[in-house]
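J.: To be precise about what I am sending: the file is called upload.txt and holds compact mmCIF, C-alpha atoms.
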# COMPACT_ATOMS: atom_id res chain seq x y z
CA MET A 1 -156.15 -105.50 137.21
CA GLN A 2 -153.92 -108.40 138.19
CA ASN A 3 -151.40 -110.43 136.20
CA ASN A 4 -151.82 -114.18 136.00
CA PRO A 5 -148.48 -115.97 136.08
CA SER A 6 -149.83 -118.90 134.05
CA ASN A 7 -151.16 -116.53 131.36
CA LYS A 8 -154.51 -118.26 131.68
CA MET A 9 -157.37 -115.92 130.95
CA THR A 10 -159.73 -115.20 133.84
CA ASN A 11 -163.49 -115.36 133.29
CA TYR A 12 -164.77 -112.66 135.58
CA ARG A 13 -167.02 -111.35 132.82
CA TRP A 14 -169.28 -114.36 133.43
CA VAL A 15 -169.66 -113.39 137.09
CA ILE A 16 -170.95 -110.04 135.87
CA CYS A 17 -173.25 -111.84 133.43
CA GLY A 18 -174.59 -113.89 136.34
CA MET A 19 -175.37 -110.69 138.24
CA LEU A 20 -177.28 -109.35 135.24
CA PHE A 21 -179.26 -112.59 135.11
CA LEU A 22 -180.15 -112.32 138.82
CA ALA A 23 -181.16 -108.66 138.44
CA THR A 24 -183.50 -109.49 135.57
CA THR A 25 -184.97 -112.43 137.48
CA ILE A 26 -185.67 -110.22 140.51
CA ASN A 27 -187.06 -107.55 138.19
CA TYR A 28 -189.73 -109.89 136.86
CA MET A 29 -190.51 -111.37 140.26
CA ASP A 30 -191.12 -107.92 141.74
CA ARG A 31 -193.55 -106.91 139.04
CA GLN A 32 -195.58 -110.11 139.43
CA VAL A 33 -196.22 -109.99 143.16
CA LEU A 34 -199.34 -107.86 142.71
CA SER A 35 -200.79 -109.95 139.90
CA LEU A 36 -200.36 -113.12 141.97
CA THR A 37 -201.84 -111.76 145.20
CA TRP A 38 -204.52 -109.23 144.31
CA LYS A 39 -207.39 -111.60 143.56
CA ASP A 40 -207.16 -113.91 146.58
CA PHE A 41 -205.51 -111.72 149.21
CA ILE A 42 -205.73 -108.01 148.40
CA ALA A 43 -209.13 -107.61 146.73
CA PRO A 44 -211.12 -109.00 149.70
CA GLU A 45 -209.41 -106.53 152.00
CA PHE A 46 -209.84 -103.44 149.81
CA HIS A 47 -213.02 -104.48 147.95
CA TRP A 48 -211.35 -104.17 144.56
CA THR A 49 -213.05 -104.97 141.30
CA ASP A 50 -211.37 -106.06 138.09
CA ALA A 51 -211.54 -102.44 136.96
CA ASP A 52 -209.54 -101.27 140.00
CA TYR A 53 -206.78 -103.76 139.30
CA GLY A 54 -206.91 -102.93 135.59
CA ARG A 55 -206.24 -99.24 136.28
CA ILE A 56 -203.27 -100.09 138.47
CA ALA A 57 -201.80 -102.46 135.88
CA ALA A 58 -202.37 -100.01 133.03
CA ILE A 59 -200.63 -97.13 134.78
CA PHE A 60 -197.66 -99.36 135.60
CA SER A 61 -197.35 -100.31 131.93
CA ILE A 62 -197.54 -96.68 130.81
CA VAL A 63 -194.94 -95.53 133.33
CA TYR A 64 -192.66 -98.45 132.45
CA ALA A 65 -192.92 -97.62 128.74
CA ILE A 66 -192.21 -93.91 129.28
CA GLY A 67 -189.33 -94.76 131.63
CA ASN A 68 -187.73 -96.87 128.92
CA LEU A 69 -187.59 -93.81 126.66
CA PHE A 70 -185.30 -92.01 129.10
CA SER A 71 -183.55 -94.69 131.16
CA GLY A 72 -180.99 -95.44 128.45
CA ARG A 73 -179.86 -91.83 128.31
CA PHE A 74 -179.72 -91.76 132.11
CA MET A 75 -177.48 -94.86 132.15
CA ASP A 76 -175.16 -93.31 129.57
CA TRP A 77 -174.90 -90.21 131.71
CA ILE A 78 -174.46 -91.70 135.17
CA GLY A 79 -172.61 -94.91 134.28
CA THR A 80 -173.43 -98.56 134.75
CA LYS A 81 -172.44 -99.03 138.38
CA LYS A 82 -174.38 -96.06 139.74
CA GLY A 83 -177.11 -96.55 137.16
CA TYR A 84 -177.88 -100.07 138.32
CA LEU A 85 -177.74 -98.97 141.95
CA TRP A 86 -180.31 -96.29 141.25
CA ALA A 87 -182.52 -98.57 139.14
CA ILE A 88 -182.71 -101.57 141.44
CA GLY A 89 -182.75 -99.37 144.53
CA ILE A 90 -185.80 -97.47 143.27
CA TRP A 91 -187.71 -100.52 142.08
CA SER A 92 -186.96 -102.47 145.27
CA LEU A 93 -188.17 -99.52 147.31
CA GLY A 94 -191.31 -99.37 145.18
CA ALA A 95 -191.88 -103.10 145.65
CA CYS A 96 -191.61 -102.86 149.44
CA MET A 97 -193.86 -99.78 149.53
CA HIS A 98 -196.81 -101.91 148.41
CA ALA A 99 -196.78 -103.64 151.79
CA PHE A 100 -197.74 -100.40 153.54
CA CYS A 101 -200.71 -99.48 151.34
CA GLY A 102 -203.09 -101.09 153.84
CA THR A 103 -201.68 -99.07 156.72
CA ALA A 104 -201.80 -95.90 154.62
CA THR A 105 -205.43 -96.53 153.65
CA VAL A 106 -206.44 -97.10 157.27
CA ALA A 107 -204.67 -93.90 158.35
CA TRP A 108 -206.09 -91.84 155.47
CA LEU A 109 -209.67 -92.89 156.21
CA GLY A 110 -209.29 -92.64 159.98
CA LEU A 111 -210.11 -96.30 160.59
CA GLU A 112 -208.91 -98.37 163.50
CA GLY A 113 -207.36 -101.30 161.66
CA LYS A 114 -207.49 -103.89 158.90
CA GLU A 115 -210.70 -105.37 160.31
CA ASP A 116 -212.52 -102.12 159.51
CA LEU A 117 -211.43 -102.45 155.90
CA ILE A 118 -212.54 -106.04 155.54
CA ASN A 119 -215.86 -105.60 157.37
CA ALA A 120 -216.88 -102.41 155.57
CA VAL A 121 -220.25 -102.42 153.80
CA GLY A 122 -222.25 -100.14 151.55
CA THR A 123 -220.76 -97.02 149.99
CA SER A 124 -217.73 -97.14 152.26
CA THR A 125 -216.38 -100.09 150.26
CA ALA A 126 -216.17 -97.89 147.16
CA VAL A 127 -214.24 -95.26 149.11
CA ILE A 128 -211.83 -97.87 150.48
CA ALA A 129 -211.31 -99.31 147.00
CA SER A 130 -210.64 -95.87 145.51
CA VAL A 131 -208.20 -94.70 148.20
CA SER A 132 -206.25 -97.97 148.31
CA THR A 133 -206.08 -98.07 144.51
CA TRP A 134 -204.37 -94.69 144.43
CA PHE A 135 -201.85 -95.77 147.04
CA PHE A 136 -201.02 -98.82 144.97
CA ILE A 137 -200.76 -96.68 141.84
CA VAL A 138 -198.11 -94.52 143.52
CA CYS A 139 -196.16 -97.65 144.41
CA ARG A 140 -196.48 -99.00 140.86
CA ILE A 141 -195.17 -95.71 139.46
CA VAL A 142 -192.05 -95.97 141.62
CA LEU A 143 -191.66 -99.63 140.66
CA GLY A 144 -192.11 -98.92 136.95
CA LEU A 145 -189.60 -96.07 136.89
CA GLY A 146 -186.95 -98.22 138.57
CA GLU A 147 -187.58 -101.35 136.53
CA SER A 148 -187.33 -99.44 133.26
CA GLY A 149 -183.59 -99.08 133.88
CA ASN A 150 -182.81 -102.81 134.03
CA PHE A 151 -182.46 -103.71 130.36
CA PRO A 152 -180.66 -100.54 129.18
CA CYS A 153 -178.13 -100.95 131.97
CA ALA A 154 -177.73 -104.71 131.43
CA ILE A 155 -177.05 -104.14 127.74
CA LYS A 156 -174.50 -101.45 128.51
CA VAL A 157 -172.71 -103.67 131.04
CA THR A 158 -172.62 -106.48 128.46
CA ALA A 159 -170.96 -104.12 126.00
CA GLU A 160 -168.35 -103.22 128.63
CA PHE A 161 -167.42 -106.81 129.51
CA PHE A 162 -167.81 -108.71 126.23
CA PRO A 163 -166.36 -108.21 122.74
CA LYS A 164 -168.82 -107.73 119.91
CA LYS A 165 -168.61 -111.31 118.67
CA ASP A 166 -169.62 -112.70 122.09
CA ARG A 167 -172.41 -110.34 123.16
CA ALA A 168 -175.39 -112.32 121.89
CA PHE A 169 -174.81 -115.23 124.30
CA PRO A 170 -174.56 -113.19 127.56
CA THR A 171 -177.50 -111.10 126.37
CA SER A 172 -179.59 -114.25 125.98
CA ILE A 173 -178.47 -115.40 129.44
CA PHE A 174 -179.51 -112.28 131.33
CA ASN A 175 -182.65 -111.95 129.20
CA SER A 176 -183.66 -115.48 130.22
CA GLY A 177 -184.01 -114.09 133.74
CA SER A 178 -187.34 -112.64 132.64
CA THR A 179 -188.64 -116.14 131.93
CA ILE A 180 -187.07 -117.67 135.04
CA GLY A 181 -188.55 -114.92 137.21
CA ALA A 182 -191.95 -115.48 135.63
CA LEU A 183 -191.68 -119.21 136.43
CA ILE A 184 -190.42 -118.86 140.00
CA ALA A 185 -192.91 -116.18 141.06
CA PRO A 186 -196.10 -118.29 140.86
CA VAL A 187 -194.42 -121.03 142.89
CA CYS A 188 -193.24 -119.00 145.86
CA ILE A 189 -195.24 -115.75 146.04
CA PRO A 190 -198.71 -117.24 146.72
CA LEU A 191 -197.18 -119.47 149.42
CA ILE A 192 -195.55 -116.49 151.13
CA ALA A 193 -198.82 -114.57 150.97
CA LYS A 194 -200.78 -117.52 152.34
CA TYR A 195 -198.58 -118.20 155.36
CA TYR A 196 -197.13 -114.77 156.13
CA GLY A 197 -199.56 -112.31 154.55
CA TRP A 198 -199.55 -110.49 151.22
CA GLU A 199 -197.55 -107.66 152.77
CA MET A 200 -194.61 -109.98 153.46
CA ALA A 201 -194.70 -111.21 149.87
CA PHE A 202 -193.88 -107.68 148.70
CA ILE A 203 -191.26 -107.13 151.40
CA ILE A 204 -189.44 -110.44 150.93
CA ILE A 205 -189.29 -110.25 147.14
CA GLY A 206 -188.42 -106.55 147.30
CA ALA A 207 -185.62 -107.27 149.77
CA LEU A 208 -183.94 -109.51 147.19
CA GLY A 209 -183.20 -106.38 145.20
CA PHE A 210 -181.47 -104.72 148.14
CA ILE A 211 -179.35 -107.86 148.65
CA TRP A 212 -178.37 -107.75 144.97
CA LEU A 213 -177.59 -104.05 145.33
CA GLY A 214 -175.16 -104.77 148.19
CA LEU A 215 -173.37 -107.42 146.12
CA TRP A 216 -173.15 -105.11 143.09
CA VAL A 217 -171.31 -102.47 145.10
CA PHE A 218 -168.44 -104.88 145.76
CA ILE A 219 -168.53 -107.04 142.63
CA TYR A 220 -168.73 -104.50 139.82
CA LYS A 221 -165.87 -102.44 138.51
CA LYS A 222 -165.02 -101.56 134.93
CA PRO A 223 -162.80 -104.23 133.33
CA ASP A 224 -159.64 -102.09 133.31
CA GLU A 225 -160.13 -101.27 137.00
CA CYS A 226 -161.18 -104.71 138.26
CA LYS A 227 -158.57 -106.76 140.13
CA HIS A 228 -160.33 -109.98 139.14
CA VAL A 229 -159.76 -109.31 135.42
CA ASN A 230 -156.22 -110.18 134.33
CA LYS A 231 -154.47 -108.69 131.33
CA GLU A 232 -155.40 -111.64 129.11
CA GLU A 233 -159.09 -111.27 129.80
CA LEU A 234 -158.87 -107.50 129.45
CA ALA A 235 -157.22 -107.89 126.06
CA TYR A 236 -159.97 -110.31 125.06
CA ILE A 237 -162.70 -107.91 126.19
CA GLN A 238 -161.13 -104.94 124.41
CA GLN A 239 -160.09 -106.77 121.23
CA ASP A 240 -162.35 -104.72 118.98
CA GLU A 241 -162.42 -101.48 120.92
CA GLU A 242 -162.73 -98.52 118.60
CA THR A 243 -160.22 -95.73 119.06
CA ILE A 244 -162.39 -93.15 117.28
CA GLU A 245 -166.05 -92.76 118.11
CA VAL A 246 -168.56 -91.96 115.42
CA GLY A 247 -169.75 -88.41 115.95
CA HIS A 248 -166.34 -87.19 117.12
CA LEU A 249 -164.45 -87.23 113.83
CA PRO A 250 -162.65 -83.97 112.95
CA GLY A 251 -164.89 -81.80 110.81
CA LYS A 252 -167.77 -84.24 111.21
CA VAL A 253 -169.50 -82.88 114.29
CA HIS A 254 -172.93 -84.09 113.19
CA TYR A 255 -171.74 -87.20 111.41
CA ARG A 256 -173.75 -89.57 113.59
CA TRP A 257 -176.97 -87.81 112.60
CA ARG A 258 -176.02 -87.83 108.93
CA VAL A 259 -175.52 -91.57 109.06
CA VAL A 260 -179.18 -91.95 110.03
CA VAL A 261 -180.86 -88.99 108.37
CA LEU A 262 -179.20 -88.82 104.92
CA PRO A 263 -180.11 -92.36 103.81
CA VAL A 264 -183.73 -91.70 104.82
CA LEU A 265 -183.82 -88.41 102.93
CA ASP A 266 -182.17 -89.99 99.91
CA ALA A 267 -184.75 -92.79 99.88
CA SER A 268 -187.58 -90.27 100.20
CA LEU A 269 -186.27 -88.16 97.30
CA HIS A 270 -185.84 -91.25 95.18
CA GLN A 271 -189.41 -92.33 95.87
CA ARG A 272 -190.64 -88.82 95.03
CA ARG A 273 -188.84 -88.95 91.67
CA LEU A 274 -190.54 -92.27 90.91
CA TRP A 275 -193.94 -90.79 91.67
CA THR A 276 -193.16 -87.78 89.44
CA GLU A 277 -192.11 -90.01 86.56
CA GLU A 278 -195.31 -92.02 86.89
Turn the structure described in the file into structure tokens.

T.:
Amino acid sequence: MQNNPSNKMTNYRWVICGMLFLATTINYMDRQVLSLTWKDFIAPEFHWTDADYGRIAAIFSIVYAIGNLFSGRFMDWIGTKKGYLWAIGIWSLGACMHAFCGTATVAWLGLEGKEDLINAVGTSTAVIASVSTWFFIVCRIVLGLGESGNFPCAIKVTAEFFPKKDRAFPTSIFNSGSTIGALIAPVCIPLIAKYYGWEMAFIIIGALGFIWLGLWVFIYKKPDECKHVNKEELAYIQQDEETIEVGHLPGKVHYRWRVVVLPVLDASLHQRRLWTEE
């Protein structure tokens, strides 16, 4: 942390907010590459039906939902810097892996090249569709697990760099990345697939995550350890920092659970008494 001679507060927290926005934008671009390329570019090669794509999309959604149940706890345990590195590293890897599903399908079936996939007829098309679908499912599982860490980590970083009264605005900023990503993807991804192949669409968009990852390594440090945050900004960030955490009060080891459970039990008992009186 550095001192500012003019006592003017730095605004490094907004640089961090910008990184969260970019991460969320990339997150939503990565997940849309398949939906924007499968019908016109991937399905003709692997002979997919709507049912094949539906299975892939459904499994991604299930994995993403399950990942969200555990990613928050993982971020609390490993910390925001490493947590984001793991999350975006895994989902960027998963995004790039899609590009090699064609090669994997050819190798698995012992074919000579992409032309054999495209020119297949009869029952072999069903085999190609089935094998390629499973390769894509594996990639979507990796993508879903990584992407499930974005929002828990972004929220935790926001809590580290913004006081309570200011957290809604940065949250809305990084959350808008989901909409921006959804708007940018249909503009650029089909063009990349058309001129460079659908494989390059996955690789190029996936590579954006690795670029972000490299920037995060150098940009992010906790506020009290960051040289770009002066003492005025640090004081602003920590203005409402609690000195005693709920759940760690002397003699109140399970206080945090009582805060949640007791009101529910009390309400249930009260409702039961009303039923008895009736």

J.: Identify which of the residues A:Tyr236, A:Trp38, A:Phe74, A:Phe136 lies closest to Cys153 in chain A, counting only C-alpha atoms when measuring atom-to-atom distances.

T.: A:Phe74

J.: Would you work out the distance separating CA of Glu225 in chain A from CA of Gly89 in chain A, expressed in Å to one decimal?

T.: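 So the answer is 23.9 Å.
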
J.: Compile the contact shell of range 50-54 of chain A as a ChimeraX atom specification: residues with an atom at most 12 Å away, counting only C-alpha atoms, same-chain residues fewer than 2 positions apart removed.

T.: /A:34-39,42-44,46-48,56-61,126-137,140

J.: Need the shell around range 7-12 of chain A: protein/DNA/RNA residues with any atom at most 12 Å away, counting only C-alpha atoms. Skip same-chain ones fewer than 4 positions apart. Format as a list in words?

T.: Met1, Gln2, Asn3, Ile16, Cys17, Gly18, Met19, Phe161, Phe162, Ile219, Tyr220, Lys221, Lys222, Pro223, Asp224, Cys226, Lys227, His228, Val229, Asn230, Lys231, Glu232, Glu233, Leu234, Ala235, Tyr236 and Ile237 of chain A

J.: Between CA of Gly79 in chain A and CA of Lys156 in chain A, measure the distance and give it in Å to one decimal.

T.: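 Computing it gives 8.9 Å between the two atoms.
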
J.: Find the residues near Val106 in chain A: any atom within 10 Å, counting all atoms listed in the file, skip ones fewer than 3 places away on the same chain, and give them as a VMD selection string.

T.: chain A and resid 101 to 103 109 to 117 128 131 to 132

J.: Considering all atoms listed in the file, state which residue in the set A:Arg13, A:Arg31, A:Pro190, A:Leu22 is at the smallest distance from Leu215 in chain A.

T.: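 Among A:Arg13, A:Arg31, A:Pro190, A:Leu22, it is A:Leu22 that comes nearest to Leu215 in chain A.
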
J.: For a test of reading the model, state the distance in Å between CA of Phe202 in chain A and CA of Ala95 in chain A, rounded to one decimal.

T.: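 The value is 5.9 Å.
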
J.: So which residues touch Phe210 in chain A within 10 Å, counting all atoms listed in the file, skipping near sequence neighbours fewer than 5 positions away, as a PDB file with C-alpha atoms, keeping the file's coordinate frame?

T.:
ATOM      1  CA  LEU A  85    -177.740 -98.970 141.950  1.00  0.00           C
ATOM      2  CA  ILE A  88    -182.710-101.570 141.440  1.00  0.00           C
ATOM      3  CA  GLY A  89    -182.750 -99.370 144.530  1.00  0.00           C
ATOM      4  CA  ILE A  90    -185.800 -97.470 143.270  1.00  0.00           C
ATOM      5  CA  TRP A  91    -187.710-100.520 142.080  1.00  0.00           C
ATOM      6  CA  SER A  92    -186.960-102.470 145.270  1.00  0.00           C
ATOM      7  CA  LEU A  93    -188.170 -99.520 147.310  1.00  0.00           C
ATOM      8  CA  ILE A 205    -189.290-110.250 147.140  1.00  0.00           C
ATOM      9  CA  LEU A 215    -173.370-107.420 146.120  1.00  0.00           C
ATOM     10  CA  TRP A 216    -173.150-105.110 143.090  1.00  0.00           C
TER      11      TRP A 216
END

J.: Using all atoms listed in the file, which residue out of A:Gly67, A:Gly122, A:Pro186, A:Gly72 lies closest to Val142 in chain A?

T.: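 Among A:Gly67, A:Gly122, A:Pro186, A:Gly72, it is A:Gly67 that comes nearest to Val142 in chain A.
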
J.: Find, counting all atoms listed in the file, the residue in A:Asp166, A:Ala193, A:Glu147, A:Gln239 that gets nearest to Tyr28 in chain A.

T.: A:Glu147

J.: Using only C-alpha atoms for the distances, tell me which of A:Gly214, A:Cys139, A:Cys96, A:Thr171 is nearest to Met200 in chain A.

T.: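 Going through A:Gly214, A:Cys139, A:Cys96, A:Thr171 one by one, the smallest distance to Met200 in chain A is for A:Cys96.
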
J.: Quick one: of A:Ile192, A:Val187, A:Ala182, A:Ala104, who's nearest to Asp30 in chain A, counting only C-alpha atoms?

T.: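 Nearest to Asp30 in chain A: A:Ala182.
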
J.: N, CA and C atoms are what I want for range 199-217 of chain A; can you complete it accordingly and write them as a CSV table (one decimal), keeping the file's coordinate frame?

T.:
chain,number,residue,atom,x,y,z
A,199,GLU,N,-198.5,-108.7,152.5
A,199,GLU,CA,-197.6,-107.7,152.8
A,199,GLU,C,-196.1,-108.2,152.8
A,200,MET,N,-195.9,-109.4,153.4
A,200,MET,CA,-194.6,-110.0,153.5
A,200,MET,C,-194.1,-110.5,152.1
A,201,ALA,N,-195.1,-110.8,151.2
A,201,ALA,CA,-194.7,-111.2,149.9
A,201,ALA,C,-194.0,-110.1,149.2
A,202,PHE,N,-194.5,-108.9,149.3
A,202,PHE,CA,-193.9,-107.7,148.7
A,202,PHE,C,-192.5,-107.4,149.4
A,203,ILE,N,-192.5,-107.5,150.7
A,203,ILE,CA,-191.3,-107.1,151.4
A,203,ILE,C,-190.1,-108.1,151.1
A,204,ILE,N,-190.5,-109.4,151.1
A,204,ILE,CA,-189.4,-110.4,150.9
A,204,ILE,C,-188.9,-110.4,149.5
A,205,ILE,N,-189.8,-110.3,148.5
A,205,ILE,CA,-189.3,-110.2,147.1
A,205,ILE,C,-188.6,-108.9,146.9
A,206,GLY,N,-189.1,-107.8,147.4
A,206,GLY,CA,-188.4,-106.6,147.3
A,206,GLY,C,-187.1,-106.5,147.9
A,207,ALA,N,-186.9,-107.2,149.1
A,207,ALA,CA,-185.6,-107.3,149.8
A,207,ALA,C,-184.5,-108.0,148.9
A,208,LEU,N,-184.9,-108.9,148.1
A,208,LEU,CA,-183.9,-109.5,147.2
A,208,LEU,C,-183.2,-108.5,146.4
A,209,GLY,N,-183.9,-107.4,146.0
A,209,GLY,CA,-183.2,-106.4,145.2
A,209,GLY,C,-182.2,-105.6,146.0
A,210,PHE,N,-182.4,-105.4,147.3
A,210,PHE,CA,-181.5,-104.7,148.1
A,210,PHE,C,-180.3,-105.6,148.4
A,211,ILE,N,-180.5,-106.9,148.5
A,211,ILE,CA,-179.4,-107.9,148.6
A,211,ILE,C,-178.5,-107.8,147.4
A,212,TRP,N,-179.1,-107.8,146.2
A,212,TRP,CA,-178.4,-107.8,145.0
A,212,TRP,C,-177.6,-106.4,144.9
A,213,LEU,N,-178.2,-105.4,145.3
A,213,LEU,CA,-177.6,-104.0,145.3
A,213,LEU,C,-176.3,-104.1,146.2
A,214,GLY,N,-176.3,-104.7,147.3
A,214,GLY,CA,-175.2,-104.8,148.2
A,214,GLY,C,-174.0,-105.6,147.5
A,215,LEU,N,-174.4,-106.6,146.8
A,215,LEU,CA,-173.4,-107.4,146.1
A,215,LEU,C,-172.8,-106.6,145.0
A,216,TRP,N,-173.6,-105.9,144.3
A,216,TRP,CA,-173.2,-105.1,143.1
A,216,TRP,C,-172.1,-104.1,143.5
A,217,VAL,N,-172.3,-103.5,144.6
A,217,VAL,CA,-171.3,-102.5,145.1
A,217,VAL,C,-169.9,-103.0,145.2
